[in-house]
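Contents: one structure, followed by commentary.
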Amino acid sequence: MIDQGPRPVAPFSHAVEADGWVFVTGQMPTDPDAPDAPLPAGIEAQTARVMDNLKIVLAGLGLGLENVTFARVYLSEFERDYAQMNETYRSYFEEGKLPGRTCIGVTALAVGALVEIDLVVRRP
C-alpha cells in the first residue's frame, strides 16, 4: 500500500511486485485527499484523475509512467468515451513511447466510474 495513494474501493493492494515486475491495481477517478467527494464530471476529467492516481502509486514505488510496459483500460461507456479518453491518456506519455494497451468496454465499474486503468510495470 502507498501511504499517499487513493483509498481502495475493495480489498486489494495498490501494487504487487514479483521478480522486477510490478502489477498496479486498477485505479478509480477518486480524489486521494477527499475519497468521499463526488467523482470528476466527464471522461476527460476522470481519465486525468485516474492517471494522476496511477502516478501517485508509481511514485510511491520509486517508478514513473516511463516504466509502464502495458496498460489495461476499462470504459463503462465505450463508444461514447473512447476517443476523448484516448486524447487524455496519450497526453501522459512521451511521444513515441506509449506502452502496450488493451481497452475494454464493460457494463459497470466500481463507484460509478466511467474509466479504470491498471498497469504492468518493469522495474529498471
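Ordering of the C-alpha cells sets the chain letters (A, B, ...); residue numbers start at 1 within each chain; ligands are numbered from 1 in the order shown.
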
>> Can you pull out the residues contacting region 73-75 of chain A? Cut-off 9 Å, using only C-alpha atoms, and skip same-chain residues under 6 positions away; I want them as a ChimeraX atom specification.
In response: /A:26,81-82,85,101-109,113-119

Preceding selection exported with N, CA, C and O atoms as a PDB file, in the first residue's frame:
ATOM      1  N   GLY A  26      -5.964  -1.601 -10.738  1.00  0.00           N
ATOM      2  CA  GLY A  26      -6.751  -0.583 -11.423  1.00  0.00           C
ATOM      3  C   GLY A  26      -7.143   0.540 -10.488  1.00  0.00           C
ATOM      4  O   GLY A  26      -7.607   0.294  -9.378  1.00  0.00           O
ATOM      5  N   ASP A  81     -17.078   7.343 -25.027  1.00  0.00           N
ATOM      6  CA  ASP A  81     -15.929   7.937 -24.345  1.00  0.00           C
ATOM      7  C   ASP A  81     -14.558   7.551 -24.904  1.00  0.00           C
ATOM      8  O   ASP A  81     -13.548   8.118 -24.499  1.00  0.00           O
ATOM      9  N   TYR A  82     -14.506   6.601 -25.825  1.00  0.00           N
ATOM     10  CA  TYR A  82     -13.213   6.078 -26.293  1.00  0.00           C
ATOM     11  C   TYR A  82     -12.281   7.172 -26.839  1.00  0.00           C
ATOM     12  O   TYR A  82     -11.131   7.267 -26.430  1.00  0.00           O
ATOM     13  N   MET A  85     -11.162   9.694 -24.070  1.00  0.00           N
ATOM     14  CA  MET A  85     -10.248   9.046 -23.129  1.00  0.00           C
ATOM     15  C   MET A  85      -8.864   8.929 -23.752  1.00  0.00           C
ATOM     16  O   MET A  85      -7.852   9.206 -23.110  1.00  0.00           O
ATOM     17  N   ARG A 101      -1.254  -1.808 -24.864  1.00  0.00           N
ATOM     18  CA  ARG A 101      -2.506  -1.498 -24.184  1.00  0.00           C
ATOM     19  C   ARG A 101      -3.658  -2.316 -24.740  1.00  0.00           C
ATOM     20  O   ARG A 101      -3.709  -2.641 -25.920  1.00  0.00           O
ATOM     21  N   THR A 102      -4.596  -2.617 -23.858  1.00  0.00           N
ATOM     22  CA  THR A 102      -5.887  -3.172 -24.224  1.00  0.00           C
ATOM     23  C   THR A 102      -6.940  -2.234 -23.649  1.00  0.00           C
ATOM     24  O   THR A 102      -6.779  -1.718 -22.552  1.00  0.00           O
ATOM     25  N   CYS A 103      -8.015  -2.002 -24.404  1.00  0.00           N
ATOM     26  CA  CYS A 103      -9.116  -1.168 -23.921  1.00  0.00           C
ATOM     27  C   CYS A 103     -10.396  -1.966 -24.097  1.00  0.00           C
ATOM     28  O   CYS A 103     -10.674  -2.472 -25.182  1.00  0.00           O
ATOM     29  N   ILE A 104     -11.141  -2.070 -23.006  1.00  0.00           N
ATOM     30  CA  ILE A 104     -12.300  -2.947 -22.960  1.00  0.00           C
ATOM     31  C   ILE A 104     -13.535  -2.163 -22.519  1.00  0.00           C
ATOM     32  O   ILE A 104     -13.468  -1.382 -21.572  1.00  0.00           O
ATOM     33  N   GLY A 105     -14.648  -2.392 -23.178  1.00  0.00           N
ATOM     34  CA  GLY A 105     -15.923  -1.850 -22.741  1.00  0.00           C
ATOM     35  C   GLY A 105     -16.550  -2.802 -21.731  1.00  0.00           C
ATOM     36  O   GLY A 105     -16.568  -4.016 -21.946  1.00  0.00           O
ATOM     37  N   VAL A 106     -17.016  -2.257 -20.611  1.00  0.00           N
ATOM     38  CA  VAL A 106     -17.613  -3.061 -19.545  1.00  0.00           C
ATOM     39  C   VAL A 106     -19.002  -2.516 -19.216  1.00  0.00           C
ATOM     40  O   VAL A 106     -19.331  -1.386 -19.561  1.00  0.00           O
ATOM     41  N   THR A 107     -19.791  -3.312 -18.516  1.00  0.00           N
ATOM     42  CA  THR A 107     -21.154  -2.881 -18.186  1.00  0.00           C
ATOM     43  C   THR A 107     -21.189  -1.880 -17.046  1.00  0.00           C
ATOM     44  O   THR A 107     -22.091  -1.047 -16.983  1.00  0.00           O
ATOM     45  N   ALA A 108     -20.222  -1.963 -16.125  1.00  0.00           N
ATOM     46  CA  ALA A 108     -20.189  -1.036 -14.995  1.00  0.00           C
ATOM     47  C   ALA A 108     -18.833  -1.125 -14.312  1.00  0.00           C
ATOM     48  O   ALA A 108     -18.118  -2.113 -14.449  1.00  0.00           O
ATOM     49  N   LEU A 109     -18.487  -0.053 -13.579  1.00  0.00           N
ATOM     50  CA  LEU A 109     -17.263  -0.004 -12.789  1.00  0.00           C
ATOM     51  C   LEU A 109     -17.614   0.410 -11.364  1.00  0.00           C
ATOM     52  O   LEU A 109     -18.651   1.041 -11.122  1.00  0.00           O
ATOM     53  N   ALA A 113     -17.765   4.837 -11.707  1.00  0.00           N
ATOM     54  CA  ALA A 113     -16.739   5.461 -12.553  1.00  0.00           C
ATOM     55  C   ALA A 113     -16.994   5.186 -14.032  1.00  0.00           C
ATOM     56  O   ALA A 113     -17.595   4.178 -14.406  1.00  0.00           O
ATOM     57  N   LEU A 114     -16.482   6.092 -14.865  1.00  0.00           N
ATOM     58  CA  LEU A 114     -16.524   5.916 -16.316  1.00  0.00           C
ATOM     59  C   LEU A 114     -15.296   5.177 -16.829  1.00  0.00           C
ATOM     60  O   LEU A 114     -15.327   4.601 -17.910  1.00  0.00           O
ATOM     61  N   VAL A 115     -14.184   5.216 -16.049  1.00  0.00           N
ATOM     62  CA  VAL A 115     -12.922   4.645 -16.504  1.00  0.00           C
ATOM     63  C   VAL A 115     -12.142   4.079 -15.320  1.00  0.00           C
ATOM     64  O   VAL A 115     -12.200   4.618 -14.213  1.00  0.00           O
ATOM     65  N   GLU A 116     -11.432   2.999 -15.583  1.00  0.00           N
ATOM     66  CA  GLU A 116     -10.482   2.401 -14.642  1.00  0.00           C
ATOM     67  C   GLU A 116      -9.284   1.956 -15.468  1.00  0.00           C
ATOM     68  O   GLU A 116      -9.457   1.477 -16.597  1.00  0.00           O
ATOM     69  N   ILE A 117      -8.078   2.118 -14.928  1.00  0.00           N
ATOM     70  CA  ILE A 117      -6.867   1.717 -15.650  1.00  0.00           C
ATOM     71  C   ILE A 117      -5.945   0.985 -14.690  1.00  0.00           C
ATOM     72  O   ILE A 117      -5.710   1.456 -13.573  1.00  0.00           O
ATOM     73  N   ASP A 118      -5.427  -0.173 -15.143  1.00  0.00           N
ATOM     74  CA  ASP A 118      -4.394  -0.866 -14.382  1.00  0.00           C
ATOM     75  C   ASP A 118      -3.130  -0.957 -15.236  1.00  0.00           C
ATOM     76  O   ASP A 118      -3.181  -0.738 -16.451  1.00  0.00           O
ATOM     77  N   LEU A 119      -2.017  -1.243 -14.589  1.00  0.00           N
ATOM     78  CA  LEU A 119      -0.721  -1.200 -15.273  1.00  0.00           C
ATOM     79  C   LEU A 119       0.130  -2.427 -14.966  1.00  0.00           C
ATOM     80  O   LEU A 119       0.080  -2.965 -13.861  1.00  0.00           O
TER      81      LEU A 119
END

> Tell me, which residues of region 54-107 of chain A carry DSSP strand (DSSP E), written as a PyMOL selection string?
Replying inline: chain A and resi 68-75+100-105

File dump, residues just selected, C-alpha atoms, as a PDB file, in the first residue's frame:
ATOM      1  CA  VAL A  68       4.992   1.169 -17.810  1.00  0.00           C
ATOM      2  CA  THR A  69       5.092  -1.727 -20.263  1.00  0.00           C
ATOM      3  CA  PHE A  70       1.360  -2.437 -20.546  1.00  0.00           C
ATOM      4  CA  ALA A  71      -1.947  -0.807 -19.589  1.00  0.00           C
ATOM      5  CA  ARG A  72      -5.494  -2.097 -19.468  1.00  0.00           C
ATOM      6  CA  VAL A  73      -8.280   0.460 -19.764  1.00  0.00           C
ATOM      7  CA  TYR A  74     -11.878  -0.274 -18.848  1.00  0.00           C
ATOM      8  CA  LEU A  75     -14.670   2.022 -20.067  1.00  0.00           C
ATOM      9  CA  GLY A 100       1.189  -1.747 -24.993  1.00  0.00           C
ATOM     10  CA  ARG A 101      -2.506  -1.498 -24.184  1.00  0.00           C
ATOM     11  CA  THR A 102      -5.887  -3.172 -24.224  1.00  0.00           C
ATOM     12  CA  CYS A 103      -9.116  -1.168 -23.921  1.00  0.00           C
ATOM     13  CA  ILE A 104     -12.300  -2.947 -22.960  1.00  0.00           C
ATOM     14  CA  GLY A 105     -15.923  -1.850 -22.741  1.00  0.00           C
TER      15      GLY A 105
END

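Comparing the minimum interatomic distances between Ala37 (chain A) and each of A:Val111, A:Ile56, A:Val120, A:Leu61, counting only C-alpha atoms, we find that A:Val111 sits nearest.
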
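A straight line drawn from CA of Ala34 (chain A) to CA of Ala15 (chain A) is 21.0 Å long.
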